[in-house]
Amino acid sequence: EKNTVANQLRSVSSKYTVPMTSGRGYSSLPPRKDLVDRFRTSGREKLVVIVVSDFDPEGEDIPGSFGVSLRDDFGIPEHKLRIVKAALTAEQVRTMNLHEGQLSKETSSRYQRFVAAHGNRAWELESLSADQLREIVEAAIRGVLDLAAFEAEVAREQQEQIELDEKRQQLRRALAADVSELD
């Protein structure tokens with residue numbers, strides 16, 4: 001939802017080679033289109049979107065609204081779409097000993113529904129420390145990844161890097177031998 005936390009999360013998403021988009025609230029269509037284009041070219045069976053937003057009327061609405069847009073505006077079938085709200089959730093607010101929170105904005109069109117479900121207090125993502133937020137998002141990523149396949153891919157890439165390094169060394173030795181023969 002916010003650019004203020006996007007930089008805190010880039011290292012986590014890149015660790016798992018997960019593309020990240022900062023939606024700045026209710027994301028405009030171009031970032032959503034980019035996300036859908038990446039999904040369609042990836043060959044993946046399912047589009048999983050991990051949402052990080054405030055715990056307030058809008059922050060609670062964003063995941064559902066985003067999913068509806070991906071379905072209705074971009075034709076992603078519901079069975080190929082999974083929206084996960086990683087933070088900030090009601091459970092996190094209850095269990096993480098966060099500050100009291102501020103009053104929800106009564107001007108929000110979603111205010112009554114939010115208050116009926118959660119009361120009139122709201123919390124921003126900044127209620128969490130950067131480390132807490134990174135841990136929560138990493139857990140969410142790990143919760144949706146096929147970790148065995150991911151770890152196998154990492155191991156394969158490491159082995160390929162070792163093989164490339166060996167080939168480079170062989171090539172350097174061969175070139176050095178050729179140069180010394182010319183002398």
# chains A, B, ... in the order shown; residues from 1 in each chain; ligands from 1
$ closest_atom_pairs --of "segment 13-119 of chain A" --to "segment 134-138 of chain A" --cutoff "9 Å" --atoms "only C-alpha atoms" --output "JSON lines"
{"residue": "A:Ser13", "atom": "CA", "partner": "A:Glu138", "partner_atom": "CA", "distance": 7.7}
{"residue": "A:Tyr16", "atom": "CA", "partner": "A:Glu138", "partner_atom": "CA", "distance": 8.8}
{"residue": "A:Ile50", "atom": "CA", "partner": "A:Val137", "partner_atom": "CA", "distance": 8.1}
{"residue": "A:Val52", "atom": "CA", "partner": "A:Val137", "partner_atom": "CA", "distance": 8.0}
{"residue": "A:Ala86", "atom": "CA", "partner": "A:Val137", "partner_atom": "CA", "distance": 6.0}
{"residue": "A:Ala87", "atom": "CA", "partner": "A:Ile136", "partner_atom": "CA", "distance": 7.1}
$ select_by_dssp --residues "segment 5-171 of chain A" --states "alpha helix (DSSP H)" --output "PyMOL selection string"
chain A and resi 5-15+29-42+57-72+90-95+111-118+130-144+147-171
$ residues_around --residues "Tyr26 of chain A" --least-positions-apart "2" --cutoff "12 Å" --atoms "only C-alpha atoms" --output "list in words"
Glu1, Lys2, Thr21, Ser22, Gly23, Arg24, Ser28, Leu29, Pro30, Pro31, Arg32, Val51, Val52, Ser53, Asp54, Glu58, Gly59, Glu60, Asp61, Ile62, Pro63, Gly64, Ser65, Phe66, Gly67, Val68 and Ser69 of chain A
$ write_last_selection --atoms "N, CA, C and O atoms" --output "short mmCIF file (atom, residue, chain, number, x, y, z; two decimals), in the first residue's frame"
data_model
loop_
_atom_site.label_atom_id
_atom_site.label_comp_id
_atom_site.auth_asym_id
_atom_site.auth_seq_id
_atom_site.Cartn_x
_atom_site.Cartn_y
_atom_site.Cartn_z
N GLU A 1 0.81 -1.20 0.00
CA GLU A 1 0.00 0.00 0.00
C GLU A 1 0.85 1.26 0.00
O GLU A 1 0.45 2.25 -0.58
N LYS A 2 2.01 1.25 0.64
CA LYS A 2 2.73 2.49 0.87
C LYS A 2 4.16 2.44 0.36
O LYS A 2 4.87 1.46 0.57
N THR A 21 5.47 -4.78 -6.23
CA THR A 21 4.86 -3.56 -6.76
C THR A 21 4.32 -2.76 -5.60
O THR A 21 3.63 -3.30 -4.74
N SER A 22 4.65 -1.48 -5.56
CA SER A 22 4.08 -0.60 -4.55
C SER A 22 2.84 0.04 -5.14
O SER A 22 2.92 0.80 -6.11
N GLY A 23 1.69 -0.29 -4.57
CA GLY A 23 0.42 0.17 -5.13
C GLY A 23 -0.01 1.55 -4.69
O GLY A 23 -0.88 2.15 -5.28
N ARG A 24 0.57 2.06 -3.62
CA ARG A 24 0.19 3.38 -3.09
C ARG A 24 -1.32 3.46 -2.89
O ARG A 24 -2.01 4.26 -3.50
N SER A 28 -3.33 2.06 -9.20
CA SER A 28 -3.89 2.41 -10.50
C SER A 28 -3.77 1.22 -11.45
O SER A 28 -3.11 0.22 -11.16
N LEU A 29 -4.39 1.32 -12.60
CA LEU A 29 -4.41 0.20 -13.55
C LEU A 29 -3.04 -0.15 -14.14
O LEU A 29 -2.75 -1.34 -14.30
N PRO A 30 -2.16 0.81 -14.48
CA PRO A 30 -0.88 0.41 -15.08
C PRO A 30 -0.04 -0.55 -14.22
O PRO A 30 0.45 -1.55 -14.75
N PRO A 31 0.13 -0.32 -12.90
CA PRO A 31 0.88 -1.32 -12.12
C PRO A 31 0.18 -2.68 -12.07
O PRO A 31 0.83 -3.72 -12.08
N ARG A 32 -1.15 -2.67 -12.05
CA ARG A 32 -1.88 -3.94 -12.05
C ARG A 32 -1.67 -4.66 -13.38
O ARG A 32 -1.48 -5.88 -13.41
N VAL A 51 -0.45 -8.91 -0.02
CA VAL A 51 -0.79 -7.51 0.21
C VAL A 51 -0.28 -7.08 1.59
O VAL A 51 -0.43 -7.81 2.57
N VAL A 52 0.30 -5.90 1.62
CA VAL A 52 0.74 -5.27 2.86
C VAL A 52 0.05 -3.91 2.90
O VAL A 52 0.29 -3.07 2.04
N SER A 53 -0.84 -3.73 3.88
CA SER A 53 -1.61 -2.48 3.97
C SER A 53 -1.96 -2.20 5.42
O SER A 53 -1.88 -3.07 6.28
N ASP A 54 -2.37 -0.96 5.67
CA ASP A 54 -2.78 -0.56 7.01
C ASP A 54 -3.95 -1.40 7.49
O ASP A 54 -4.66 -2.02 6.69
N GLU A 58 -9.76 1.33 4.61
CA GLU A 58 -9.25 1.16 3.26
C GLU A 58 -8.27 -0.01 3.17
O GLU A 58 -8.32 -0.81 2.24
N GLY A 59 -7.39 -0.12 4.17
CA GLY A 59 -6.41 -1.21 4.17
C GLY A 59 -7.04 -2.58 4.21
O GLY A 59 -6.51 -3.54 3.66
N GLU A 60 -8.19 -2.68 4.86
CA GLU A 60 -8.91 -3.95 4.89
C GLU A 60 -9.65 -4.22 3.58
O GLU A 60 -9.91 -5.36 3.24
N ASP A 61 -9.97 -3.17 2.86
CA ASP A 61 -10.71 -3.32 1.60
C ASP A 61 -9.79 -3.58 0.40
O ASP A 61 -10.19 -4.21 -0.57
N ILE A 62 -8.56 -3.10 0.49
CA ILE A 62 -7.64 -3.18 -0.66
C ILE A 62 -7.45 -4.61 -1.18
O ILE A 62 -7.54 -4.83 -2.40
N PRO A 63 -7.20 -5.61 -0.34
CA PRO A 63 -6.99 -6.96 -0.90
C PRO A 63 -8.18 -7.45 -1.74
O PRO A 63 -7.99 -7.95 -2.85
N GLY A 64 -9.39 -7.29 -1.23
CA GLY A 64 -10.56 -7.74 -1.98
C GLY A 64 -10.77 -6.94 -3.25
O GLY A 64 -11.05 -7.49 -4.31
N SER A 65 -10.61 -5.63 -3.14
CA SER A 65 -10.77 -4.76 -4.31
C SER A 65 -9.74 -5.10 -5.38
O SER A 65 -10.05 -5.13 -6.58
N PHE A 66 -8.51 -5.36 -4.96
CA PHE A 66 -7.44 -5.71 -5.89
C PHE A 66 -7.77 -7.01 -6.61
O PHE A 66 -7.63 -7.13 -7.82
N GLY A 67 -8.24 -7.98 -5.84
CA GLY A 67 -8.61 -9.27 -6.43
C GLY A 67 -9.75 -9.14 -7.43
O GLY A 67 -9.72 -9.74 -8.51
N VAL A 68 -10.76 -8.34 -7.09
CA VAL A 68 -11.89 -8.12 -8.00
C VAL A 68 -11.39 -7.47 -9.29
O VAL A 68 -11.80 -7.86 -10.39
N SER A 69 -10.49 -6.51 -9.18
CA SER A 69 -9.96 -5.86 -10.37
C SER A 69 -9.17 -6.84 -11.24
O SER A 69 -9.33 -6.85 -12.47
#
$ residues_around --residues "Val36 of chain A" --least-positions-apart "5" --cutoff "12 Å" --atoms "only C-alpha atoms" --output "number ranges by chain"
A: 19, 21, 29-31, 41-44, 46-49, 66-67, 69-71, 73-77, 80-81
